[in-house]
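Below is one structure, written out as structure tokens; the observations come after it.
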Amino acid sequence: MNRITETDSLYDGLENMSTQDLLNGINQEDQKVALAIEKILPEIAFFIDEAIGNMQKGGRLFYLGAGTSGRLGIVDASECPPTFGVEHGLVVGIIAGGDQAIRKAVEFAEDDTQQGWKDLETHSINENDIVVGIAASGTTPYVLGAINEANTRGILTAGITCNPGSPLATHPTHGLVAEVGPEFVTGSTRMKSGTAQKLILNMISTSLMIKLGRVKGNKMVDMQLSNVKLIGRGTRMIMNELKIEEPEAAQLLKEFGSVRNAVENYRKNQ
């Protein structure tokens with residue numbers, strides 16, 4: 001299989017380039033990422049529309065990856081509770097090698113074809129759940145083993161990869177293939193490939209949360225009020241929605257704990 005992610009960079013002699021030329025080259029390559037994703041928006045939408053049906057029946061979303069791909073999944077999953085007010089465990093990021101691999105690579109963890117499914121089993125995975133495998137190369141054994149086992153059990157699967165024709169592009173129910181081309185530094189898939197994965201994960205989780213009713217208008221009405229900035233944002237949202245002054249809005253937010261609850265209770269009592 002021809003791995004685009006392993007092909008030689010379009011640039012050479014990087015060590016002899018000026019800082020400005022390095023940045024220009026990286027930026028030129030980065031601009032290709034959004035255009036590559038634009039080409040597969042229908043496939044991403046098809047997956048999201050199927051996934052939302054599962055989640056409305058109580059299904060959970062699992063991201064599975066190794067190295068950079070695993071870390072990106074964990075980041076996206078970890079941001080769903082504070083951003084959308086959903087419970088921890090609705091979106092779950094799993095990385096080859098366990099939590100210690102978030103900060104430091106665990107040697108050969110990605111090469112175990114059985115461990116990915118074993119890690120999913122610790123969450124009592126079932127047919128309503130969704131498994132998204134993430135691997136720039138599309139060949140990571142840890143991810144593919146889990147995807148293949150999930151398929152045999154009738155679980156909805158998707159694969160996010162940058163190599164067309166790779167197993168992760170063809171084995172899952174939905175192959176989401178962003179062809180971003182060779183990396184600026186040959187084989188360094190934390191660059192364009194990682195950016196593509198991050199953008200697609202953002203699309204998936206954000207769209208699903210909107211469809212689950214976690215956004216009203218364009219506002220994060222269920223966000224967790226975990227710092228002063230977010231409390232201020234929530235207060236302003238209530239002020240704008242209810243046309244009331246800041247002290248009253250702040251008191252409502254404090255009393256009811258979220259923008260949604262504050263607005264609904266205020267209107268109920270009018």
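By convention here, the chains of the structure tokens are called A, B, ... in the order presented, each chain's residues are numbered starting at 1, and ligands are numbered starting at 1 in the order presented.
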Need to verify the contact set: Ile95 of chain A, 12 Å, only C-alpha atoms, exclusion of same-chain residues closer than 3 positions in sequence. Can you return it as a short mmCIF file (atom, residue, chain, number, x, y, z; two decimals) with C-alpha atoms, in the first residue's frame?
```cif
data_model
loop_
_atom_site.label_atom_id
_atom_site.label_comp_id
_atom_site.auth_asym_id
_atom_site.auth_seq_id
_atom_site.Cartn_x
_atom_site.Cartn_y
_atom_site.Cartn_z
CA PHE A 62 -15.60 6.28 21.85
CA TYR A 63 -12.41 7.63 20.27
CA LEU A 64 -9.55 5.16 19.94
CA GLY A 65 -6.01 5.95 18.85
CA ALA A 66 -2.29 5.69 19.51
CA GLY A 67 0.25 8.48 19.97
CA THR A 68 -0.81 11.84 18.57
CA SER A 69 -4.08 10.39 17.28
CA GLY A 70 -4.96 9.02 20.71
CA ARG A 71 -4.12 12.31 22.40
CA LEU A 72 -6.32 14.24 19.99
CA GLY A 73 -9.24 11.95 20.77
CA ILE A 74 -8.72 12.43 24.50
CA VAL A 75 -8.60 16.21 24.12
CA ALA A 77 -13.62 13.95 24.57
CA VAL A 92 -14.62 8.78 25.86
CA GLY A 98 -3.24 3.86 28.87
CA ASP A 99 -3.28 7.28 30.49
CA GLN A 100 0.50 7.29 30.97
CA ALA A 101 0.81 7.46 27.17
CA ILE A 102 -0.90 10.86 27.15
CA ARG A 103 2.38 12.50 28.19
CA LYS A 104 5.01 9.93 27.27
CA ALA A 105 5.09 7.40 24.45
CA VAL A 106 4.65 3.76 25.50
CA ALA A 109 1.61 -0.20 22.64
CA GLU A 110 0.10 0.54 19.22
CA GLN A 115 -5.68 -4.46 23.50
CA GLY A 116 -7.89 -1.90 21.80
CA TRP A 117 -10.97 -4.09 22.13
CA ASP A 119 -9.83 -1.36 26.57
CA LEU A 120 -13.31 -0.83 25.11
CA GLY A 133 -10.69 4.83 15.21
CA ILE A 134 -8.07 7.51 14.60
CA ALA A 135 -4.79 6.79 12.79
CA THR A 140 -2.34 1.01 13.50
CA TYR A 142 -4.32 -1.33 18.19
CA VAL A 143 -7.02 0.65 16.38
CA ALA A 146 -10.80 -2.85 17.96
#
```
Problem set entry | For Asp30 of chain A: contacts at 10 Å, only C-alpha atoms, fewer than 4 positions along chain excluded, given as a VMD selection string | chain A and resid 24 to 26 34 to 35 180 183 to 184 191 to 193 195 to 196
Exercise: Pro81 of chain A partners within 10 Å, only C-alpha atoms, chain neighbours under 5 positions left out, as a PDB file with N, CA and C atoms, in the first residue's frame:
```
ATOM      1  N   VAL A  86     -22.475  17.819  29.376  1.00  0.00           N
ATOM      2  CA  VAL A  86     -22.836  16.401  29.380  1.00  0.00           C
ATOM      3  C   VAL A  86     -22.019  15.662  30.436  1.00  0.00           C
ATOM      4  N   GLU A  87     -22.503  14.488  30.803  1.00  0.00           N
ATOM      5  CA  GLU A  87     -21.801  13.723  31.822  1.00  0.00           C
ATOM      6  C   GLU A  87     -20.495  13.158  31.267  1.00  0.00           C
ATOM      7  N   HIS A  88     -19.518  13.007  32.169  1.00  0.00           N
ATOM      8  CA  HIS A  88     -18.292  12.304  31.791  1.00  0.00           C
ATOM      9  C   HIS A  88     -18.669  10.863  31.453  1.00  0.00           C
ATOM     10  N   GLY A  89     -18.134  10.378  30.350  1.00  0.00           N
ATOM     11  CA  GLY A  89     -18.474   9.020  29.948  1.00  0.00           C
ATOM     12  C   GLY A  89     -19.379   8.969  28.733  1.00  0.00           C
ATOM     13  N   LEU A  90     -19.954  10.115  28.337  1.00  0.00           N
ATOM     14  CA  LEU A  90     -20.746  10.127  27.110  1.00  0.00           C
ATOM     15  C   LEU A  90     -19.826  10.118  25.892  1.00  0.00           C
ATOM     16  N   VAL A  91     -18.727  10.855  25.977  1.00  0.00           N
ATOM     17  CA  VAL A  91     -17.683  10.840  24.945  1.00  0.00           C
ATOM     18  C   VAL A  91     -16.389  10.439  25.635  1.00  0.00           C
ATOM     19  N   ASP A 222     -25.423  25.024  28.373  1.00  0.00           N
ATOM     20  CA  ASP A 222     -25.216  24.016  29.428  1.00  0.00           C
ATOM     21  C   ASP A 222     -23.774  23.952  29.911  1.00  0.00           C
ATOM     22  N   MET A 223     -22.946  24.912  29.496  1.00  0.00           N
ATOM     23  CA  MET A 223     -21.524  24.863  29.861  1.00  0.00           C
ATOM     24  C   MET A 223     -21.343  24.874  31.377  1.00  0.00           C
ATOM     25  N   GLN A 224     -20.275  24.209  31.815  1.00  0.00           N
ATOM     26  CA  GLN A 224     -19.952  24.190  33.239  1.00  0.00           C
ATOM     27  C   GLN A 224     -19.313  25.516  33.635  1.00  0.00           C
TER      28      GLN A 224
END
```
Exercise. What is the distance, in Å and to one decimal place, between atom CA of Leu252 of chain A and atom CA of Gln270 of chain A?
Worked result: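 It comes out at 13.6 Å.
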Near Arg60 of chain A, counting only C-alpha atoms, which residues have an atom at most 12 Å away, once you skip same-chain residues fewer than 6 positions from it, shown as a short mmCIF file (atom, residue, chain, number, x, y, z; two decimals) with C-alpha atoms, in the first residue's frame?
```
data_model
loop_
_atom_site.label_atom_id
_atom_site.label_comp_id
_atom_site.auth_asym_id
_atom_site.auth_seq_id
_atom_site.Cartn_x
_atom_site.Cartn_y
_atom_site.Cartn_z
CA ALA A 51 -24.30 8.33 15.06
CA ILE A 52 -26.90 10.73 16.45
CA GLY A 53 -29.54 8.03 16.16
CA ASN A 54 -27.43 5.77 18.36
CA ALA A 77 -13.62 13.95 24.57
CA VAL A 86 -22.84 16.40 29.38
CA GLU A 87 -21.80 13.72 31.82
CA HIS A 88 -18.29 12.30 31.79
CA GLY A 89 -18.47 9.02 29.95
CA LEU A 90 -20.75 10.13 27.11
CA VAL A 91 -17.68 10.84 24.95
CA VAL A 92 -14.62 8.78 25.86
CA GLY A 93 -11.07 9.02 24.55
CA LEU A 120 -13.31 -0.83 25.11
CA HIS A 123 -16.49 0.38 29.48
CA SER A 124 -19.10 -2.36 28.89
CA ILE A 125 -19.42 -1.34 25.26
CA ASN A 126 -22.70 -2.31 23.56
CA GLU A 127 -24.50 -2.12 20.21
CA ASN A 128 -25.80 1.42 20.83
CA ASP A 129 -22.27 2.78 21.17
CA ILE A 130 -20.06 4.22 18.42
CA VAL A 131 -16.34 3.58 17.95
CA VAL A 132 -14.19 6.05 16.01
CA ILE A 155 -21.35 -1.68 16.53
CA LEU A 156 -21.26 1.48 14.41
CA THR A 157 -17.67 2.33 13.48
CA SER A 205 -18.49 16.23 18.65
CA LEU A 208 -23.55 15.73 17.83
CA MET A 209 -23.86 17.99 20.87
#
```
For this session: Name the residues of segment 48-230 of chain A that come out as strand (DSSP E or B) in a backbone DSSP run; write them as an MDAnalysis selection string.
Result: chainID A and resid 61:65 91:95 130:134 156:161 174:177 216 219
Problem set entry | Counting only C-alpha atoms, the option among A:Leu22, A:Leu176, A:Asn227, A:Gly165 closest to Ala45 of chain A |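 With only C-alpha atoms as the atom set, the closest residue is A:Leu176.
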Exercise. Could you work out how far atom CA of Met237 of chain A lies from atom CA of Thr206 of chain A, giving the answer in Å with one decimal?
Worked result: 19.5 Å
Assign secondary structure with DSSP using the backbone only, and return the residues of segment 26-257 of chain A in alpha helix (DSSP H) as an mmCIF file with C-alpha atoms, in the first residue's frame.
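Saved as result.cif:
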```
data_model
loop_
_atom_site.group_PDB
_atom_site.id
_atom_site.type_symbol
_atom_site.label_atom_id
_atom_site.label_comp_id
_atom_site.auth_asym_id
_atom_site.auth_seq_id
_atom_site.Cartn_x
_atom_site.Cartn_y
_atom_site.Cartn_z
ATOM 1 C CA ILE A 26 4.533 25.044 6.957
ATOM 2 C CA ASN A 27 1.766 27.590 6.446
ATOM 3 C CA GLN A 28 1.419 26.703 2.767
ATOM 4 C CA GLU A 29 0.980 23.049 3.696
ATOM 5 C CA ASP A 30 -1.462 23.825 6.513
ATOM 6 C CA GLN A 31 -3.732 25.657 4.079
ATOM 7 C CA LYS A 32 -4.308 22.370 2.257
ATOM 8 C CA VAL A 33 -5.921 20.747 5.307
ATOM 9 C CA ALA A 34 -9.302 22.502 5.314
ATOM 10 C CA LEU A 35 -9.620 22.001 1.555
ATOM 11 C CA ALA A 36 -8.978 18.270 1.948
ATOM 12 C CA ILE A 37 -11.689 18.043 4.616
ATOM 13 C CA GLU A 38 -14.122 20.042 2.477
ATOM 14 C CA LEU A 41 -17.953 16.731 4.259
ATOM 15 C CA PRO A 42 -20.749 14.543 2.830
ATOM 16 C CA GLU A 43 -19.117 11.428 4.297
ATOM 17 C CA ILE A 44 -18.666 13.114 7.685
ATOM 18 C CA ALA A 45 -22.303 14.248 7.634
ATOM 19 C CA PHE A 46 -23.504 10.734 6.763
ATOM 20 C CA PHE A 47 -21.617 9.341 9.746
ATOM 21 C CA ILE A 48 -22.882 12.024 12.146
ATOM 22 C CA ASP A 49 -26.488 11.480 11.076
ATOM 23 C CA GLU A 50 -26.169 7.771 11.796
ATOM 24 C CA ALA A 51 -24.303 8.330 15.056
ATOM 25 C CA ILE A 52 -26.901 10.733 16.453
ATOM 26 C CA GLY A 53 -29.541 8.025 16.161
ATOM 27 C CA ASN A 54 -27.426 5.768 18.362
ATOM 28 C CA MET A 55 -26.725 8.491 20.908
ATOM 29 C CA GLN A 56 -30.414 9.355 21.158
ATOM 30 C CA GLY A 67 0.254 8.475 19.972
ATOM 31 C CA THR A 68 -0.808 11.843 18.570
ATOM 32 C CA SER A 69 -4.081 10.385 17.283
ATOM 33 C CA GLY A 70 -4.964 9.020 20.709
ATOM 34 C CA ARG A 71 -4.116 12.305 22.401
ATOM 35 C CA LEU A 72 -6.316 14.244 19.990
ATOM 36 C CA GLY A 73 -9.238 11.952 20.773
ATOM 37 C CA ILE A 74 -8.721 12.427 24.498
ATOM 38 C CA VAL A 75 -8.599 16.211 24.123
ATOM 39 C CA ASP A 76 -11.852 16.308 22.164
ATOM 40 C CA ALA A 77 -13.622 13.945 24.566
ATOM 41 C CA SER A 78 -12.408 15.790 27.660
ATOM 42 C CA GLU A 79 -13.777 19.100 26.398
ATOM 43 C CA CYS A 80 -17.356 17.870 25.938
ATOM 44 C CA PRO A 81 -18.442 17.956 29.631
ATOM 45 C CA PRO A 82 -17.265 21.519 30.355
ATOM 46 C CA THR A 83 -18.400 22.879 26.996
ATOM 47 C CA PHE A 84 -21.777 21.184 26.703
ATOM 48 C CA GLN A 115 -5.677 -4.465 23.499
ATOM 49 C CA GLY A 116 -7.894 -1.901 21.802
ATOM 50 C CA TRP A 117 -10.968 -4.089 22.133
ATOM 51 C CA LYS A 118 -10.002 -5.066 25.684
ATOM 52 C CA ASP A 119 -9.834 -1.361 26.572
ATOM 53 C CA LEU A 120 -13.305 -0.832 25.111
ATOM 54 C CA GLU A 121 -14.659 -3.794 27.050
ATOM 55 C CA PRO A 141 -2.948 -2.549 14.829
ATOM 56 C CA TYR A 142 -4.316 -1.334 18.193
ATOM 57 C CA VAL A 143 -7.024 0.649 16.384
ATOM 58 C CA LEU A 144 -7.773 -1.837 13.615
ATOM 59 C CA GLY A 145 -8.162 -4.762 16.005
ATOM 60 C CA ALA A 146 -10.804 -2.854 17.958
ATOM 61 C CA ILE A 147 -12.610 -1.661 14.815
ATOM 62 C CA ASN A 148 -12.735 -5.164 13.358
ATOM 63 C CA GLU A 149 -14.084 -6.658 16.599
ATOM 64 C CA ALA A 150 -16.665 -3.871 16.905
ATOM 65 C CA ASN A 151 -17.789 -4.578 13.349
ATOM 66 C CA THR A 152 -18.383 -8.248 14.103
ATOM 67 C CA PRO A 167 -7.480 -0.607 6.296
ATOM 68 C CA LEU A 168 -8.897 2.185 8.473
ATOM 69 C CA ALA A 169 -10.362 3.781 5.343
ATOM 70 C CA THR A 170 -12.092 0.565 4.250
ATOM 71 C CA LYS A 192 -1.067 18.282 8.712
ATOM 72 C CA SER A 193 -2.535 14.873 9.471
ATOM 73 C CA GLY A 194 -2.947 15.742 13.139
ATOM 74 C CA THR A 195 -4.565 19.052 12.227
ATOM 75 C CA ALA A 196 -7.006 17.262 9.922
ATOM 76 C CA GLN A 197 -7.896 14.781 12.666
ATOM 77 C CA LYS A 198 -8.471 17.595 15.152
ATOM 78 C CA LEU A 199 -10.757 19.465 12.752
ATOM 79 C CA ILE A 200 -12.821 16.361 11.983
ATOM 80 C CA LEU A 201 -13.147 15.489 15.674
ATOM 81 C CA ASN A 202 -14.336 19.057 16.358
ATOM 82 C CA MET A 203 -16.964 18.660 13.647
ATOM 83 C CA ILE A 204 -18.177 15.322 14.975
ATOM 84 C CA SER A 205 -18.485 16.231 18.654
ATOM 85 C CA THR A 206 -19.845 19.744 18.086
ATOM 86 C CA SER A 207 -22.476 18.597 15.587
ATOM 87 C CA LEU A 208 -23.554 15.732 17.829
ATOM 88 C CA MET A 209 -23.859 17.987 20.874
ATOM 89 C CA ILE A 210 -25.929 20.511 18.905
ATOM 90 C CA LYS A 211 -28.215 17.723 17.697
ATOM 91 C CA VAL A 228 -14.619 33.491 36.450
ATOM 92 C CA LYS A 229 -14.487 33.950 32.663
ATOM 93 C CA LEU A 230 -17.253 31.399 32.090
ATOM 94 C CA ILE A 231 -19.400 32.802 34.876
ATOM 95 C CA GLY A 232 -19.092 36.216 33.228
ATOM 96 C CA ARG A 233 -19.973 34.755 29.841
ATOM 97 C CA GLY A 234 -22.982 32.973 31.307
ATOM 98 C CA THR A 235 -24.163 36.133 33.030
ATOM 99 C CA ARG A 236 -23.990 38.109 29.782
ATOM 100 C CA MET A 237 -25.893 35.380 27.956
ATOM 101 C CA ILE A 238 -28.711 35.583 30.503
ATOM 102 C CA MET A 239 -28.736 39.398 30.360
ATOM 103 C CA ASN A 240 -29.066 39.338 26.568
ATOM 104 C CA GLU A 241 -31.678 36.606 26.498
ATOM 105 C CA LEU A 242 -33.922 37.985 29.246
ATOM 106 C CA GLU A 246 -26.217 42.161 35.436
ATOM 107 C CA PRO A 247 -26.905 41.761 39.202
ATOM 108 C CA GLU A 248 -30.159 39.888 38.561
ATOM 109 C CA ALA A 249 -28.594 37.750 35.827
ATOM 110 C CA ALA A 250 -25.635 36.867 38.051
ATOM 111 C CA GLN A 251 -27.973 35.883 40.875
ATOM 112 C CA LEU A 252 -30.054 33.688 38.570
ATOM 113 C CA LEU A 253 -26.936 31.953 37.283
ATOM 114 C CA LYS A 254 -25.686 31.364 40.808
ATOM 115 C CA GLU A 255 -29.057 30.028 41.925
ATOM 116 C CA PHE A 256 -29.793 27.700 39.014
#
```
Exercise. Closest to Ser137 of chain A among A:Val185, A:Met17, A:Ile94, A:Cys162, using only C-alpha atoms?
Worked result: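 With only C-alpha atoms as the atom set, the closest residue is A:Cys162.
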Seminar exercise, completed: Residue with the minimum atom-to-atom distance to Thr7 of chain A, picked from A:Pro182, A:Gly175, A:Pro164, A:Gly138 with only C-alpha atoms counted, is A:Pro182
For this session: Kindly indicate which residue among A:Leu10, A:Ala96, A:Leu212, A:Ala178 lies nearest to Ala136 of chain A, using only C-alpha atoms for the distances.
Result: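 Result for the nearest residue to Ala136 of chain A: A:Ala178.
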